[in-house]
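So this one's structure.txt, compact mmCIF, C-alpha atoms:
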# COMPACT_ATOMS: atom_id res chain seq x y z
CA MET A 1 0.00 0.00 0.00
CA LYS A 2 2.89 2.33 0.86
CA LYS A 3 4.47 1.63 -2.54
CA ILE A 4 1.23 2.50 -4.34
CA THR A 5 0.86 5.73 -2.38
CA LEU A 6 4.49 6.70 -3.10
CA LEU A 7 4.01 5.93 -6.80
CA ALA A 8 0.88 8.13 -6.93
CA LEU A 9 2.74 10.98 -5.28
CA LEU A 10 5.65 10.66 -7.70
CA LEU A 11 3.30 10.65 -10.68
CA THR A 12 1.50 13.73 -9.39
CA PHE A 13 4.80 15.52 -8.83
CA SER A 14 6.05 14.54 -12.27
CA LEU A 15 2.91 15.64 -14.08
CA GLY A 16 2.81 18.90 -12.17
CA ASN A 17 6.39 19.70 -13.16
CA ALA A 18 5.81 18.66 -16.76
CA GLN A 19 3.01 21.16 -17.12
CA THR A 20 4.44 24.15 -15.29
CA ILE A 21 4.29 27.62 -16.79
CA GLN A 22 7.62 28.54 -15.21
CA GLY A 23 10.26 29.02 -17.89
CA THR A 24 10.71 30.90 -21.13
CA TRP A 25 8.08 30.90 -23.88
CA LYS A 26 7.76 32.28 -27.39
CA MET A 27 4.88 32.53 -29.81
CA THR A 28 4.62 29.39 -31.93
CA PRO A 29 6.38 30.16 -35.24
CA ALA A 30 3.53 29.02 -37.47
CA ALA A 31 0.35 30.23 -39.14
CA ALA A 32 -2.53 30.91 -36.72
CA ALA A 33 -0.19 31.30 -33.75
CA MET A 34 -2.44 34.20 -32.81
CA GLY A 35 -5.84 35.26 -33.96
CA VAL A 36 -9.07 37.00 -33.06
CA GLY A 37 -12.73 36.30 -33.66
CA PRO A 38 -16.24 36.79 -32.30
CA ASN A 39 -16.26 33.78 -29.98
CA PHE A 40 -13.98 31.80 -27.68
CA GLY A 41 -11.51 29.81 -29.79
CA ASP A 42 -12.78 31.40 -33.00
CA ILE A 43 -10.08 33.29 -34.96
CA SER A 44 -12.15 33.94 -38.09
CA TRP A 45 -11.67 37.72 -38.03
CA TRP A 46 -7.90 37.60 -38.36
CA SER A 47 -4.97 35.30 -37.73
CA ASN A 48 -1.31 35.54 -38.68
CA SER A 49 -0.13 33.80 -41.83
CA ALA A 50 2.95 31.63 -42.32
CA THR A 51 4.51 34.57 -44.17
CA ASP A 52 4.02 36.74 -41.08
CA VAL A 53 6.46 34.53 -39.19
CA THR A 54 9.20 35.87 -41.47
CA THR A 55 7.84 39.38 -41.92
CA ARG A 56 7.42 39.78 -38.17
CA ALA A 57 10.59 37.94 -37.18
CA CYS A 58 11.33 40.72 -34.66
CA TYR A 59 8.09 39.70 -32.92
CA PHE A 60 8.35 35.92 -33.10
CA ASP A 61 11.74 36.03 -31.37
CA ASP A 62 10.28 37.90 -28.36
CA GLU A 63 10.44 35.95 -25.11
CA PHE A 64 7.94 35.75 -22.25
CA MET A 65 9.90 34.83 -19.13
CA PHE A 66 8.11 33.33 -16.12
CA ASN A 67 10.78 33.21 -13.42
CA ALA A 68 10.86 30.85 -10.44
CA ASP A 69 10.67 33.76 -7.98
CA GLY A 70 7.33 34.86 -9.45
CA SER A 71 8.71 37.74 -11.49
CA PHE A 72 7.84 38.17 -15.16
CA SER A 73 9.68 39.84 -18.04
CA ASN A 74 9.01 40.63 -21.68
CA VAL A 75 12.34 40.17 -23.45
CA HIS A 76 12.34 41.87 -26.86
CA GLY A 77 15.96 42.42 -27.76
CA ALA A 78 16.71 45.53 -29.80
CA GLN A 79 13.45 45.42 -31.78
CA THR A 80 9.91 44.14 -31.66
CA TRP A 81 6.82 44.55 -33.84
CA LEU A 82 5.15 47.96 -33.43
CA GLU A 83 1.70 49.13 -34.50
CA GLY A 84 0.08 52.47 -35.23
CA TRP A 85 -1.43 52.90 -31.76
CA GLN A 86 2.12 52.97 -30.38
CA GLY A 87 2.96 56.02 -32.46
CA PHE A 88 4.64 54.19 -35.34
CA GLY A 89 3.59 52.54 -38.57
CA ASP A 90 3.40 48.74 -38.51
CA GLY A 91 6.91 47.32 -38.55
CA CYS A 92 9.97 46.45 -36.50
CA GLY A 93 11.25 49.09 -34.11
CA THR A 94 12.51 49.88 -30.62
CA PRO A 95 10.09 48.66 -27.91
CA VAL A 96 7.79 51.42 -26.64
CA ALA A 97 7.19 52.06 -22.94
CA PRO A 98 5.54 50.77 -20.89
CA HIS A 99 5.57 47.58 -22.98
CA ASN A 100 9.37 47.31 -22.81
CA SER A 101 9.84 45.74 -19.35
CA SER A 102 10.58 49.16 -17.87
CA ASN A 103 8.29 48.28 -14.95
CA ALA A 104 8.64 45.35 -12.57
CA ALA A 105 6.05 42.62 -13.10
CA SER A 106 4.94 39.32 -11.60
CA TRP A 107 2.94 36.29 -12.67
CA ALA A 108 0.48 33.95 -10.93
CA HIS A 109 -1.06 30.75 -12.30
CA ASN A 110 -4.30 29.46 -10.77
CA ALA A 111 -4.47 25.85 -11.97
CA THR A 112 -7.94 25.39 -10.47
CA ALA A 113 -9.48 28.38 -12.22
CA ASN A 114 -7.27 27.93 -15.31
CA THR A 115 -6.11 31.53 -15.21
CA LEU A 116 -2.76 33.25 -15.65
CA THR A 117 -2.44 36.77 -14.27
CA LEU A 118 0.32 39.27 -14.97
CA THR A 119 0.65 42.18 -12.56
CA GLY A 120 2.70 45.19 -13.60
CA ILE A 121 1.97 48.03 -16.02
CA GLY A 122 3.12 47.05 -19.50
CA ALA A 123 3.48 43.32 -18.87
CA TYR A 124 1.69 41.23 -21.50
CA ILE A 125 1.56 37.94 -23.38
CA GLY A 126 0.84 37.76 -27.10
CA LEU A 127 0.14 41.35 -28.09
CA PRO A 128 0.65 44.45 -25.93
CA LYS A 129 -2.59 46.05 -27.07
CA VAL A 130 -4.84 43.25 -25.81
CA TYR A 131 -6.26 43.49 -22.29
CA ASN A 132 -9.36 42.27 -20.48
CA GLY A 133 -12.31 43.91 -22.19
CA GLY A 134 -10.59 45.72 -25.04
CA GLU A 135 -7.59 46.83 -27.06
CA LEU A 136 -5.35 49.78 -26.25
CA SER A 137 -5.31 52.88 -28.43
CA ASN A 138 -2.69 54.65 -26.31
CA PRO A 139 0.31 53.09 -24.46
CA ALA A 140 -0.35 55.42 -21.52
CA ASN A 141 -3.59 53.53 -20.78
CA ALA A 142 -1.92 50.16 -20.16
CA PRO A 143 -3.68 48.36 -17.27
CA ALA A 144 -2.03 47.37 -14.00
CA SER A 145 -2.83 43.69 -14.56
CA ILE A 146 -4.11 41.29 -17.22
CA THR A 147 -5.67 37.86 -16.72
CA TYR A 148 -5.66 35.19 -19.43
CA THR A 149 -7.58 31.93 -19.63
CA VAL A 150 -5.21 28.95 -19.79
CA THR A 151 -7.07 26.81 -22.31
CA THR A 152 -4.36 24.18 -22.77
CA LEU A 153 -1.04 23.58 -21.07
CA THR A 154 1.44 20.80 -21.81
CA ALA A 155 5.14 20.38 -21.15
CA THR A 156 5.89 22.11 -24.46
CA SER A 157 2.91 24.25 -25.46
CA MET A 158 0.33 26.62 -24.05
CA THR A 159 -2.83 28.21 -25.46
CA LEU A 160 -4.17 31.38 -23.88
CA ASP A 161 -7.49 33.11 -24.54
CA ILE A 162 -8.64 36.57 -23.51
CA ALA A 163 -11.95 38.34 -24.04
CA ILE A 164 -12.10 41.82 -25.52
CA SER A 165 -15.17 43.92 -26.24
CA GLY A 166 -17.26 41.78 -28.59
CA GLY A 167 -14.59 39.17 -29.30
CA TRP A 168 -11.78 36.89 -28.20
CA TRP A 169 -8.05 36.74 -28.87
CA ARG A 170 -6.12 33.45 -28.83
CA PHE A 171 -2.35 33.02 -28.43
CA ASN A 172 -0.44 29.77 -28.96
CA LEU A 173 3.00 29.58 -27.36
CA ILE A 174 5.84 27.09 -27.30
CA LYS A 175 8.18 26.53 -24.37
CA GLN A 176 11.87 27.02 -24.96
CA GLY A 177 14.48 24.42 -24.02
CA VAL A 178 11.98 21.55 -24.11
CA ALA A 179 11.83 19.19 -27.06
CA PRO A 180 8.27 18.74 -28.39
CA SER A 181 6.78 15.28 -28.18
CA CYS A 182 6.12 13.50 -31.46
CA THR A 183 3.74 11.04 -29.78
CA ASP A 184 1.39 13.21 -27.71
CA GLY A 185 -1.45 13.50 -30.24
CA ILE A 186 -1.07 17.29 -30.41
CA GLN A 187 0.34 19.48 -33.19
CA ASN A 188 3.00 21.42 -31.31
CA GLY A 189 6.57 22.59 -31.65
CA ASP A 190 7.52 22.87 -35.31
CA GLU A 191 5.23 20.00 -36.39
CA THR A 192 3.34 20.55 -39.63
CA GLY A 193 0.72 17.98 -38.64
CA VAL A 194 -0.21 16.00 -35.54
CA ASP A 195 2.99 14.27 -34.40
CA CYS A 196 4.54 14.56 -37.85
CA GLY A 197 6.63 16.92 -39.94
CA GLY A 198 9.15 19.47 -38.74
CA SER A 199 11.72 17.87 -36.44
CA CYS A 200 9.55 14.76 -35.91
CA PRO A 201 10.78 11.62 -37.69
CA ASN A 202 7.31 10.85 -39.06
CA ALA A 203 6.38 12.45 -42.39
CA CYS A 204 2.89 13.90 -42.68
CA LEU A 205 1.01 11.77 -45.19
CA ALA A 206 -1.88 12.93 -47.32
CA GLN A 207 -5.33 11.60 -46.47
CA ILE A 208 -7.02 9.08 -48.74
CA ASN A 209 -9.07 10.46 -51.64
CA LEU A 210 -11.30 8.41 -53.91
CA PRO A 211 -10.68 6.36 -55.94
CA VAL A 212 -8.38 4.30 -53.70
CA THR A 213 -5.64 2.52 -55.65
CA PHE A 214 -3.25 1.61 -52.81
CA GLU A 215 -0.43 2.57 -55.16
CA GLY A 216 0.51 6.02 -53.83
CA THR A 217 3.69 6.43 -51.80
CA SER A 218 2.66 9.59 -49.95
CA THR A 219 -0.76 8.54 -48.65
CA ASN A 220 -1.59 6.90 -45.31
CA TYR A 221 -3.50 3.71 -46.21
CA ALA A 222 -4.12 2.71 -42.58
CA VAL A 223 -7.11 0.33 -42.37
CA THR A 224 -9.06 -1.25 -39.52
CA ASP A 225 -10.91 -4.57 -39.45
CA PHE A 226 -14.69 -4.51 -39.27
CA GLY A 227 -16.88 -7.34 -38.05
CA GLY A 228 -13.91 -9.69 -37.82
CA THR A 229 -13.01 -9.19 -41.49

Would you put the structure from the file into structure tokens?
Amino acid sequence: MKKITLLALLLTFSLGNAQTIQGTWKMTPAAAAMGVGPNFGDISWWSNSATDVTTRACYFDDEFMFNADGSFSNVHGAQTWLEGWQGFGDGCGTPVAPHNSSNAASWAHNATANTLTLTGIGAYIGLPKVYNGGELSNPANAPASITYTVTTLTATSMTLDIAISGGWWRFNLIKQGVAPSCTDGIQNGDETGVDCGGSCPNACLAQINLPVTFEGTSTNYAVTDFGGT
């Protein structure tokens, strides 16, 4: 009985550590890494394209650092992506205060409520303009805190949602320094499909289209018995 109890505790500890937010994250470098739409999880109004990953390289290399002591930092380097509301045309440029880590910030994850809260003027995840209930039109109006819904959290990836006036934003992030799993049933990391493509050893195969000839070399012809046949 003691062995079973110890095993359960070890499994709980292991799973908890595997799914911790602590660490360094970046936006997933892929199409639809971020998007906005009228409903939760709906990004039909706008989402970034694959081309945006290159065009906005100064944004996709930004880091969101969740430190062990509870402090949080936005790490931009020399440049990040700026928008018109920040006083510049859309493009790469020097980070604009207060969204440049000029103020101290902290983070808190409530695993029960599935929320992630940043406290500190200018601290953000995803896009600096997005806050609870709206989008900024002036950097001076940055809120003192922002709370995101933690929709999914694995050892390598995290999806956050936040409601604005009349819509929802979604941000998909990937954890740095952790190799993505190619067997977890989730498209994460640099995978181009579920557990395939990118750095995964499995190639993403095309789905079957009629007529079926069983002669293609790039199609997954997986079949399952039916009725004992």

With all atoms of region 94-108 of chain A from the file as input, state the centre and edge lengths in Å to one decimal of the axis-aligned box that has 6 Å extra on each side, as JSON.
{"center_x": 6.5, "center_y": 43.0, "center_z": -20.8, "size_x": 24.0, "size_y": 30.1, "size_z": 31.7}

At a cut-off of 8 Å, can you tabulate as a Markdown table every residue of region 28-122 of chain A near region 147-153 of chain A together with its closest atom pair and the distance in Å to one decimal, using only C-alpha atoms and ordering rows by chain then number?
| residue | atom | partner | partner_atom | distance |
| --- | --- | --- | --- | --- |
| A:Asn114 | CA | A:Val150 | CA | 5.0 |
| A:Thr115 | CA | A:Thr149 | CA | 4.7 |
| A:Leu116 | CA | A:Tyr148 | CA | 5.1 |
| A:Thr117 | CA | A:Thr147 | CA | 4.2 |
| A:Leu118 | CA | A:Thr147 | CA | 6.4 |

Radius query 7 Å about (7.8, 27.3, -15.2), atoms used: only C-alpha atoms, as a VMD selection string: chain A and resid 20 to 23 66 to 68

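Counting all atoms listed in the file and comparing A:Cys196, A:Met65, A:Ile174, A:Cys204, the residue that lies closest to Thr28 (chain A) is A:Ile174.
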
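Minimum atom-to-atom distances from A:Asp62, A:Thr119, A:Cys182, A:Leu173 to Ala30 (chain A) were compared using all atoms listed in the file, and the lowest value belongs to A:Leu173.
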
For CA of Gly198 (chain A) and CA of Lys175 (chain A), quote the distance in Å rounded to one decimal.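 Between CA of Gly198 (chain A) and CA of Lys175 (chain A) the gap is 16.0 Å.
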
Write out, as JSON lines, each residue of region 112-158 of chain A that has an atom at most 12 Å from region 75-82 of chain A, together with the closest pair of atoms and their distance in Å to one decimal, counting all atoms listed in the file, rows going by chain and rising number.
{"residue": "A:Ala123", "atom": "CA", "partner": "A:Val75", "partner_atom": "CA", "distance": 10.5}
{"residue": "A:Tyr124", "atom": "CA", "partner": "A:Val75", "partner_atom": "CA", "distance": 10.9}
{"residue": "A:Ile125", "atom": "CA", "partner": "A:Val75", "partner_atom": "CA", "distance": 11.0}
{"residue": "A:Gly126", "atom": "CA", "partner": "A:Trp81", "partner_atom": "CA", "distance": 11.3}
{"residue": "A:Leu127", "atom": "CA", "partner": "A:Trp81", "partner_atom": "CA", "distance": 9.4}
{"residue": "A:Pro128", "atom": "CA", "partner": "A:Leu82", "partner_atom": "CA", "distance": 9.4}
{"residue": "A:Lys129", "atom": "CA", "partner": "A:Leu82", "partner_atom": "CA", "distance": 10.2}
{"residue": "A:Pro139", "atom": "CA", "partner": "A:Leu82", "partner_atom": "CA", "distance": 11.4}

May I ask for the distance between CA of Ala105 (chain A) and CA of Glu63 (chain A), given in Å to one decimal place?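 Between these atoms lies a distance of 14.4 Å.
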
When you count only C-alpha atoms, which of these residues is closest to Trp169 (chain A): A:Val130, A:Val96, A:Ala111, A:Val194?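 Going through A:Val130, A:Val96, A:Ala111, A:Val194 one by one, the smallest distance to Trp169 (chain A) is for A:Val130.
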
Please report the interatomic distance between CA of Ser44 (chain A) and CA of Ala163 (chain A) in Å with one decimal.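 The value is 14.7 Å.
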